[in-house]
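Below is coords39.cif, holding mmCIF, N, CA and C atoms.
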data_work
loop_
_atom_site.label_atom_id
_atom_site.label_comp_id
_atom_site.auth_asym_id
_atom_site.auth_seq_id
_atom_site.Cartn_x
_atom_site.Cartn_y
_atom_site.Cartn_z
N GLN X 1 -3.44 -3.78 -14.45
CA GLN X 1 -4.13 -2.65 -13.86
C GLN X 1 -4.35 -2.89 -12.38
N LEU X 2 -4.29 -1.82 -11.61
CA LEU X 2 -4.48 -1.90 -10.17
C LEU X 2 -5.63 -0.99 -9.76
N GLN X 3 -6.48 -1.50 -8.88
CA GLN X 3 -7.64 -0.75 -8.41
C GLN X 3 -7.62 -0.74 -6.89
N ALA X 4 -7.38 0.45 -6.33
CA ALA X 4 -7.31 0.60 -4.89
C ALA X 4 -8.62 1.10 -4.32
N SER X 5 -8.89 0.71 -3.09
CA SER X 5 -10.10 1.16 -2.41
C SER X 5 -9.90 1.08 -0.91
N GLY X 6 -10.86 1.63 -0.16
CA GLY X 6 -10.83 1.49 1.29
C GLY X 6 -10.48 2.74 2.06
N GLY X 7 -10.15 3.81 1.37
CA GLY X 7 -9.82 5.04 2.07
C GLY X 7 -11.05 5.65 2.72
N GLY X 8 -10.82 6.67 3.54
CA GLY X 8 -11.92 7.35 4.20
C GLY X 8 -11.45 8.30 5.27
N LEU X 9 -12.40 8.76 6.05
CA LEU X 9 -12.13 9.68 7.16
C LEU X 9 -12.22 8.90 8.47
N VAL X 10 -11.20 9.04 9.29
CA VAL X 10 -11.16 8.32 10.56
C VAL X 10 -10.52 9.21 11.61
N GLN X 11 -10.90 9.01 12.86
CA GLN X 11 -10.30 9.77 13.94
C GLN X 11 -8.94 9.20 14.30
N ALA X 12 -8.10 10.04 14.87
CA ALA X 12 -6.80 9.59 15.33
C ALA X 12 -6.96 8.40 16.28
N GLY X 13 -6.12 7.41 16.09
CA GLY X 13 -6.20 6.20 16.88
C GLY X 13 -7.04 5.11 16.24
N GLY X 14 -7.75 5.46 15.20
CA GLY X 14 -8.61 4.50 14.52
C GLY X 14 -7.86 3.65 13.52
N SER X 15 -8.62 2.84 12.79
CA SER X 15 -8.06 1.90 11.83
C SER X 15 -8.79 1.97 10.49
N LEU X 16 -8.07 1.61 9.46
CA LEU X 16 -8.64 1.44 8.12
C LEU X 16 -7.90 0.31 7.44
N ARG X 17 -8.57 -0.34 6.51
CA ARG X 17 -7.90 -1.34 5.68
C ARG X 17 -8.07 -0.97 4.22
N LEU X 18 -6.96 -0.81 3.55
CA LEU X 18 -6.96 -0.54 2.12
C LEU X 18 -6.82 -1.85 1.36
N SER X 19 -7.45 -1.90 0.20
CA SER X 19 -7.35 -3.06 -0.67
C SER X 19 -6.91 -2.61 -2.06
N CYS X 20 -6.24 -3.48 -2.75
CA CYS X 20 -5.82 -3.20 -4.12
C CYS X 20 -5.93 -4.49 -4.92
N VAL X 21 -6.81 -4.47 -5.91
CA VAL X 21 -7.01 -5.64 -6.77
C VAL X 21 -6.21 -5.45 -8.05
N ALA X 22 -5.49 -6.49 -8.43
CA ALA X 22 -4.66 -6.43 -9.63
C ALA X 22 -5.19 -7.38 -10.70
N SER X 23 -5.02 -6.99 -11.93
CA SER X 23 -5.33 -7.89 -13.04
C SER X 23 -4.04 -8.60 -13.43
N GLY X 24 -4.18 -9.73 -14.07
CA GLY X 24 -2.99 -10.46 -14.50
C GLY X 24 -2.94 -11.85 -13.91
N ARG X 25 -2.39 -12.75 -14.67
CA ARG X 25 -2.37 -14.16 -14.26
C ARG X 25 -1.21 -14.50 -13.35
N THR X 26 -0.22 -13.60 -13.31
CA THR X 26 0.99 -13.91 -12.56
C THR X 26 1.13 -13.02 -11.35
N PHE X 27 0.01 -12.64 -10.74
CA PHE X 27 0.02 -11.73 -9.60
C PHE X 27 0.93 -12.24 -8.50
N SER X 28 0.93 -13.53 -8.27
CA SER X 28 1.71 -14.08 -7.16
C SER X 28 3.20 -13.80 -7.32
N ARG X 29 3.65 -13.51 -8.51
CA ARG X 29 5.06 -13.24 -8.76
C ARG X 29 5.41 -11.76 -8.54
N TYR X 30 4.39 -10.92 -8.47
CA TYR X 30 4.65 -9.49 -8.40
C TYR X 30 5.13 -9.09 -7.01
N VAL X 31 6.06 -8.18 -6.95
CA VAL X 31 6.32 -7.45 -5.71
C VAL X 31 5.25 -6.37 -5.64
N MET X 32 4.54 -6.30 -4.52
CA MET X 32 3.47 -5.33 -4.37
C MET X 32 3.82 -4.33 -3.27
N GLY X 33 3.37 -3.12 -3.45
CA GLY X 33 3.70 -2.10 -2.46
C GLY X 33 2.63 -1.04 -2.31
N TRP X 34 2.78 -0.28 -1.27
CA TRP X 34 1.93 0.88 -1.01
C TRP X 34 2.83 2.11 -0.84
N PHE X 35 2.38 3.19 -1.41
CA PHE X 35 3.03 4.49 -1.28
C PHE X 35 1.96 5.51 -0.86
N ARG X 36 2.41 6.65 -0.42
CA ARG X 36 1.45 7.71 -0.09
C ARG X 36 2.03 9.07 -0.44
N GLN X 37 1.12 10.00 -0.67
CA GLN X 37 1.53 11.36 -0.98
C GLN X 37 0.60 12.34 -0.30
N ALA X 38 1.18 13.13 0.58
CA ALA X 38 0.44 14.17 1.27
C ALA X 38 0.52 15.46 0.46
N PRO X 39 -0.43 16.37 0.64
CA PRO X 39 -0.41 17.63 -0.11
C PRO X 39 0.90 18.38 0.10
N GLY X 40 1.51 18.79 -1.01
CA GLY X 40 2.73 19.56 -0.93
C GLY X 40 3.97 18.74 -0.66
N LYS X 41 3.83 17.42 -0.60
CA LYS X 41 4.98 16.56 -0.31
C LYS X 41 5.18 15.56 -1.44
N GLU X 42 6.37 14.99 -1.47
CA GLU X 42 6.66 13.98 -2.48
C GLU X 42 6.04 12.64 -2.07
N ARG X 43 5.82 11.81 -3.08
CA ARG X 43 5.32 10.47 -2.80
C ARG X 43 6.38 9.69 -2.02
N GLU X 44 5.95 8.96 -1.01
CA GLU X 44 6.89 8.21 -0.19
C GLU X 44 6.47 6.75 -0.05
N PHE X 45 7.46 5.92 0.12
CA PHE X 45 7.25 4.49 0.31
C PHE X 45 6.61 4.23 1.67
N VAL X 46 5.66 3.29 1.69
CA VAL X 46 5.02 2.90 2.93
C VAL X 46 5.36 1.45 3.28
N ALA X 47 5.11 0.54 2.35
CA ALA X 47 5.33 -0.87 2.65
C ALA X 47 5.40 -1.67 1.35
N GLN X 48 6.06 -2.83 1.42
CA GLN X 48 6.05 -3.73 0.29
C GLN X 48 6.07 -5.16 0.77
N ILE X 49 5.63 -6.06 -0.13
CA ILE X 49 5.60 -7.47 0.19
C ILE X 49 6.09 -8.24 -1.02
N ASN X 50 6.99 -9.18 -0.79
CA ASN X 50 7.47 -10.06 -1.84
C ASN X 50 7.69 -11.43 -1.24
N ARG X 51 8.32 -12.30 -1.99
CA ARG X 51 8.50 -13.67 -1.50
C ARG X 51 9.42 -13.74 -0.30
N SER X 52 10.26 -12.73 -0.17
CA SER X 52 11.21 -12.73 0.95
C SER X 52 10.59 -12.25 2.24
N GLY X 53 9.51 -11.48 2.14
CA GLY X 53 8.89 -10.96 3.34
C GLY X 53 8.27 -9.60 3.12
N THR X 54 8.15 -8.87 4.22
CA THR X 54 7.54 -7.56 4.20
C THR X 54 8.52 -6.50 4.68
N TYR X 55 8.34 -5.29 4.19
CA TYR X 55 9.23 -4.18 4.53
C TYR X 55 8.39 -2.95 4.74
N TYR X 56 8.78 -2.14 5.72
CA TYR X 56 7.98 -0.98 6.08
C TYR X 56 8.85 0.26 6.24
N ALA X 57 8.23 1.40 5.97
CA ALA X 57 8.88 2.66 6.34
C ALA X 57 8.89 2.75 7.86
N ASP X 58 9.90 3.37 8.40
CA ASP X 58 10.01 3.49 9.86
C ASP X 58 8.79 4.19 10.45
N SER X 59 8.21 5.11 9.70
CA SER X 59 7.10 5.90 10.22
C SER X 59 5.83 5.09 10.44
N VAL X 60 5.73 3.92 9.80
CA VAL X 60 4.52 3.12 9.93
C VAL X 60 4.77 1.75 10.57
N LYS X 61 6.03 1.44 10.81
CA LYS X 61 6.37 0.14 11.38
C LYS X 61 5.65 -0.05 12.70
N ASP X 62 5.15 -1.25 12.91
CA ASP X 62 4.41 -1.64 14.12
C ASP X 62 2.99 -1.09 14.17
N ARG X 63 2.59 -0.30 13.17
CA ARG X 63 1.21 0.18 13.10
C ARG X 63 0.49 -0.32 11.86
N PHE X 64 1.22 -0.46 10.77
CA PHE X 64 0.64 -0.90 9.50
C PHE X 64 1.10 -2.32 9.19
N THR X 65 0.23 -3.07 8.51
CA THR X 65 0.57 -4.43 8.09
C THR X 65 0.16 -4.63 6.64
N ILE X 66 1.10 -5.03 5.81
CA ILE X 66 0.80 -5.35 4.42
C ILE X 66 0.65 -6.86 4.29
N SER X 67 -0.33 -7.27 3.50
CA SER X 67 -0.55 -8.70 3.28
C SER X 67 -1.13 -8.88 1.88
N ARG X 68 -1.21 -10.12 1.45
CA ARG X 68 -1.75 -10.38 0.12
C ARG X 68 -2.52 -11.68 0.11
N ASP X 69 -3.47 -11.75 -0.80
CA ASP X 69 -4.22 -12.98 -1.05
C ASP X 69 -4.07 -13.26 -2.53
N ASN X 70 -3.17 -14.16 -2.87
CA ASN X 70 -2.89 -14.42 -4.28
C ASN X 70 -4.08 -15.03 -5.01
N ALA X 71 -4.94 -15.74 -4.29
CA ALA X 71 -6.13 -16.33 -4.92
C ALA X 71 -7.10 -15.24 -5.38
N LYS X 72 -7.03 -14.10 -4.72
CA LYS X 72 -7.92 -12.98 -5.06
C LYS X 72 -7.20 -11.86 -5.80
N ASN X 73 -5.91 -12.07 -6.11
CA ASN X 73 -5.12 -11.01 -6.76
C ASN X 73 -5.21 -9.69 -6.00
N THR X 74 -5.14 -9.77 -4.70
CA THR X 74 -5.37 -8.59 -3.88
C THR X 74 -4.27 -8.41 -2.85
N VAL X 75 -3.87 -7.16 -2.66
CA VAL X 75 -2.94 -6.80 -1.60
C VAL X 75 -3.67 -5.85 -0.66
N TYR X 76 -3.38 -5.98 0.62
CA TYR X 76 -4.05 -5.19 1.64
C TYR X 76 -3.04 -4.34 2.42
N LEU X 77 -3.54 -3.27 3.00
CA LEU X 77 -2.75 -2.50 3.95
C LEU X 77 -3.65 -2.22 5.15
N GLN X 78 -3.39 -2.95 6.23
CA GLN X 78 -4.13 -2.72 7.47
C GLN X 78 -3.42 -1.61 8.23
N MET X 79 -4.15 -0.56 8.53
CA MET X 79 -3.56 0.60 9.18
C MET X 79 -4.22 0.79 10.55
N ASN X 80 -3.44 0.66 11.59
CA ASN X 80 -3.93 0.83 12.95
C ASN X 80 -3.25 2.02 13.61
N SER X 81 -3.83 2.46 14.71
CA SER X 81 -3.27 3.59 15.47
C SER X 81 -2.95 4.77 14.55
N LEU X 82 -3.90 5.11 13.72
CA LEU X 82 -3.67 6.16 12.73
C LEU X 82 -3.44 7.50 13.39
N LYS X 83 -2.57 8.28 12.75
CA LYS X 83 -2.21 9.60 13.23
C LYS X 83 -2.57 10.64 12.16
N PRO X 84 -2.78 11.89 12.56
CA PRO X 84 -3.07 12.92 11.55
C PRO X 84 -2.00 13.00 10.46
N GLU X 85 -0.76 12.72 10.82
CA GLU X 85 0.31 12.78 9.81
C GLU X 85 0.25 11.63 8.82
N ASP X 86 -0.64 10.67 9.03
CA ASP X 86 -0.86 9.61 8.04
C ASP X 86 -1.79 10.07 6.93
N THR X 87 -2.37 11.24 7.06
CA THR X 87 -3.28 11.76 6.05
C THR X 87 -2.55 11.92 4.72
N ALA X 88 -3.09 11.29 3.69
CA ALA X 88 -2.45 11.30 2.37
C ALA X 88 -3.32 10.53 1.38
N ALA X 89 -2.98 10.66 0.11
CA ALA X 89 -3.52 9.76 -0.89
C ALA X 89 -2.61 8.54 -0.93
N TYR X 90 -3.20 7.38 -0.83
CA TYR X 90 -2.43 6.13 -0.80
C TYR X 90 -2.55 5.42 -2.15
N TYR X 91 -1.41 4.97 -2.65
CA TYR X 91 -1.34 4.33 -3.96
C TYR X 91 -0.75 2.93 -3.82
N CYS X 92 -1.36 1.97 -4.50
CA CYS X 92 -0.72 0.67 -4.59
C CYS X 92 0.11 0.62 -5.87
N ALA X 93 1.12 -0.19 -5.84
CA ALA X 93 2.04 -0.30 -6.98
C ALA X 93 2.55 -1.73 -7.09
N ALA X 94 3.01 -2.06 -8.29
CA ALA X 94 3.51 -3.41 -8.54
C ALA X 94 4.81 -3.37 -9.30
N GLN X 95 5.68 -4.31 -8.99
CA GLN X 95 6.85 -4.60 -9.80
C GLN X 95 6.49 -5.86 -10.58
N SER X 96 5.93 -5.67 -11.76
CA SER X 96 5.46 -6.80 -12.55
C SER X 96 6.45 -7.23 -13.61
N GLY X 97 7.49 -6.44 -13.81
CA GLY X 97 8.48 -6.76 -14.83
C GLY X 97 9.87 -6.80 -14.23
N ILE X 98 10.56 -5.72 -14.38
CA ILE X 98 11.92 -5.62 -13.87
C ILE X 98 11.89 -5.43 -12.36
N ILE X 99 12.60 -6.31 -11.66
CA ILE X 99 12.65 -6.21 -10.21
C ILE X 99 13.31 -4.89 -9.82
N GLY X 100 12.69 -4.19 -8.90
CA GLY X 100 13.20 -2.91 -8.45
C GLY X 100 12.55 -1.73 -9.14
N ARG X 101 11.76 -2.04 -10.15
CA ARG X 101 11.07 -0.96 -10.87
C ARG X 101 9.58 -1.07 -10.63
N TRP X 102 9.00 -0.02 -10.05
CA TRP X 102 7.54 0.02 -9.85
C TRP X 102 6.91 0.44 -11.18
N ASP X 103 6.35 -0.52 -11.91
CA ASP X 103 5.91 -0.24 -13.27
C ASP X 103 4.40 -0.16 -13.43
N SER X 104 3.65 -0.46 -12.39
CA SER X 104 2.20 -0.33 -12.45
C SER X 104 1.72 0.39 -11.20
N TRP X 105 0.78 1.31 -11.41
CA TRP X 105 0.26 2.11 -10.29
C TRP X 105 -1.25 2.15 -10.34
N GLY X 106 -1.86 2.07 -9.17
CA GLY X 106 -3.29 2.26 -9.08
C GLY X 106 -3.62 3.72 -8.87
N GLN X 107 -4.89 4.03 -8.93
CA GLN X 107 -5.31 5.39 -8.61
C GLN X 107 -5.23 5.56 -7.10
N GLY X 108 -5.11 6.70 -6.62
CA GLY X 108 -5.00 6.93 -5.19
C GLY X 108 -6.32 6.77 -4.47
N THR X 109 -6.24 6.37 -3.21
CA THR X 109 -7.41 6.37 -2.35
C THR X 109 -7.08 7.25 -1.15
N GLN X 110 -7.95 8.18 -0.84
CA GLN X 110 -7.66 9.20 0.16
C GLN X 110 -7.91 8.69 1.57
N VAL X 111 -6.93 8.92 2.42
CA VAL X 111 -7.06 8.62 3.84
C VAL X 111 -6.90 9.94 4.60
N THR X 112 -7.89 10.28 5.39
CA THR X 112 -7.85 11.51 6.18
C THR X 112 -8.04 11.15 7.65
N VAL X 113 -7.08 11.55 8.46
CA VAL X 113 -7.12 11.25 9.90
C VAL X 113 -7.31 12.56 10.65
N SER X 114 -8.40 12.65 11.36
CA SER X 114 -8.69 13.88 12.11
C SER X 114 -8.15 13.77 13.54
N SER X 115 -7.76 14.90 14.07
CA SER X 115 -7.19 14.91 15.42
C SER X 115 -8.27 15.11 16.48
#

As structure tokens, what does this structure read like?
Amino acid sequence: QLQASGGGLVQAGGSLRLSCVASGRTFSRYVMGWFRQAPGKEREFVAQINRSGTYYADSVKDRFTISRDNAKNTVYLQMNSLKPEDTAAYYCAAQSGIIGRWDSWGQGTQVTVSS
């Protein structure tokens, strides 16, 4: 199970940090990611972290940073220089089984960026 938190209302240019706590003894093996979905749009990839490194959507590169603390079973998404177009529900996800398949999802946490 995944539990996301940290969303809120922020002005453009501001920052937020999202957290996602996972259950399970093998968290360190999971590929973890963040996705987002804005109203009327499809869910889109934001970032992921695995043993090889981190990967970002072009729209958030150089502004967002994904990280993890395996001792706390937690993945973070530090979001800086937020823009109104970053407004969305943000979801954490895990590849806990088959690599390439996002098989666990947290509930969304809302991020609203005002202009």

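Using the PyMOL selection byres (((chain X and resi 76 and name CA) around 9) and name CA) on the file at hand returns these residues: X:Arg17, X:Leu18, X:Ser19, X:Cys20, X:Val21, X:Trp34, X:Thr65, X:Ile66, X:Ser67, X:Arg68, X:Asp69, X:Thr74, X:Val75, X:Leu77, X:Gln78.
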
Do a neighbour search on X:Leu16 at 7 Å with only N, CA and C atoms, toss out local chain neighbours closer than 5 positions, and write the hits as JSON, numbers by chain. {"X": [6, 77, 78, 79, 80, 81, 82]}

Give me the result of the PyMOL selection byres ((chain X and resi 46-48) around 8) on this file, residue by residue, as a list in words. Val31, Met32, Gly33, Trp34, Phe35, Arg36, Arg43, Glu44, Phe45, Ile49, Asn50, Arg51, Gly53, Thr54, Tyr55, Tyr56, Ala57, Asp58, Ser59, Val60, Lys61, Phe64, Thr65, Ile66 and Ser67 of chain X

Residues just named, written with N, CA and C atoms as a short mmCIF file (atom, residue, chain, number, x, y, z; two decimals), in the frame of the given file:
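Okay, selection-v7.cif is ready:
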data_model
loop_
_atom_site.label_atom_id
_atom_site.label_comp_id
_atom_site.auth_asym_id
_atom_site.auth_seq_id
_atom_site.Cartn_x
_atom_site.Cartn_y
_atom_site.Cartn_z
N VAL X 31 6.06 -8.18 -6.95
CA VAL X 31 6.32 -7.45 -5.71
C VAL X 31 5.25 -6.37 -5.64
N MET X 32 4.54 -6.30 -4.52
CA MET X 32 3.47 -5.33 -4.37
C MET X 32 3.82 -4.33 -3.27
N GLY X 33 3.37 -3.12 -3.45
CA GLY X 33 3.70 -2.10 -2.46
C GLY X 33 2.63 -1.04 -2.31
N TRP X 34 2.78 -0.28 -1.27
CA TRP X 34 1.93 0.88 -1.01
C TRP X 34 2.83 2.11 -0.84
N PHE X 35 2.38 3.19 -1.41
CA PHE X 35 3.03 4.49 -1.28
C PHE X 35 1.96 5.51 -0.86
N ARG X 36 2.41 6.65 -0.42
CA ARG X 36 1.45 7.71 -0.09
C ARG X 36 2.03 9.07 -0.44
N ARG X 43 5.82 11.81 -3.08
CA ARG X 43 5.32 10.47 -2.80
C ARG X 43 6.38 9.69 -2.02
N GLU X 44 5.95 8.96 -1.01
CA GLU X 44 6.89 8.21 -0.19
C GLU X 44 6.47 6.75 -0.05
N PHE X 45 7.46 5.92 0.12
CA PHE X 45 7.25 4.49 0.31
C PHE X 45 6.61 4.23 1.67
N ILE X 49 5.63 -6.06 -0.13
CA ILE X 49 5.60 -7.47 0.19
C ILE X 49 6.09 -8.24 -1.02
N ASN X 50 6.99 -9.18 -0.79
CA ASN X 50 7.47 -10.06 -1.84
C ASN X 50 7.69 -11.43 -1.24
N ARG X 51 8.32 -12.30 -1.99
CA ARG X 51 8.50 -13.67 -1.50
C ARG X 51 9.42 -13.74 -0.30
N GLY X 53 9.51 -11.48 2.14
CA GLY X 53 8.89 -10.96 3.34
C GLY X 53 8.27 -9.60 3.12
N THR X 54 8.15 -8.87 4.22
CA THR X 54 7.54 -7.56 4.20
C THR X 54 8.52 -6.50 4.68
N TYR X 55 8.34 -5.29 4.19
CA TYR X 55 9.23 -4.18 4.53
C TYR X 55 8.39 -2.95 4.74
N TYR X 56 8.78 -2.14 5.72
CA TYR X 56 7.98 -0.98 6.08
C TYR X 56 8.85 0.26 6.24
N ALA X 57 8.23 1.40 5.97
CA ALA X 57 8.88 2.66 6.34
C ALA X 57 8.89 2.75 7.86
N ASP X 58 9.90 3.37 8.40
CA ASP X 58 10.01 3.49 9.86
C ASP X 58 8.79 4.19 10.45
N SER X 59 8.21 5.11 9.70
CA SER X 59 7.10 5.90 10.22
C SER X 59 5.83 5.09 10.44
N VAL X 60 5.73 3.92 9.80
CA VAL X 60 4.52 3.12 9.93
C VAL X 60 4.77 1.75 10.57
N LYS X 61 6.03 1.44 10.81
CA LYS X 61 6.37 0.14 11.38
C LYS X 61 5.65 -0.05 12.70
N PHE X 64 1.22 -0.46 10.77
CA PHE X 64 0.64 -0.90 9.50
C PHE X 64 1.10 -2.32 9.19
N THR X 65 0.23 -3.07 8.51
CA THR X 65 0.57 -4.43 8.09
C THR X 65 0.16 -4.63 6.64
N ILE X 66 1.10 -5.03 5.81
CA ILE X 66 0.80 -5.35 4.42
C ILE X 66 0.65 -6.86 4.29
N SER X 67 -0.33 -7.27 3.50
CA SER X 67 -0.55 -8.70 3.28
C SER X 67 -1.13 -8.88 1.88
#

Rounded to one decimal, what separation in Å do you get between atom N of X:Asn70 and atom N of X:Trp105?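 Pair atom N of X:Asn70 / atom N of X:Trp105 returns 18.1 Å.
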
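Taking all atoms listed in the file into account, X:Gly24 lies nearest to X:Gln1 out of the set X:Lys41, X:Gln1, X:Gln11, X:Ala71.
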
May I have all residues of stretch 2-98 of chain X that DSSP, computed from the backbone, assigns to helix (DSSP H, G or I), given as an MDAnalysis selection string? chainID X and resid 27:29 70:72 84:86

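Reported to one decimal place, the separation of atom CA of X:Gln37 from atom N of X:Arg25 is 28.0 Å.
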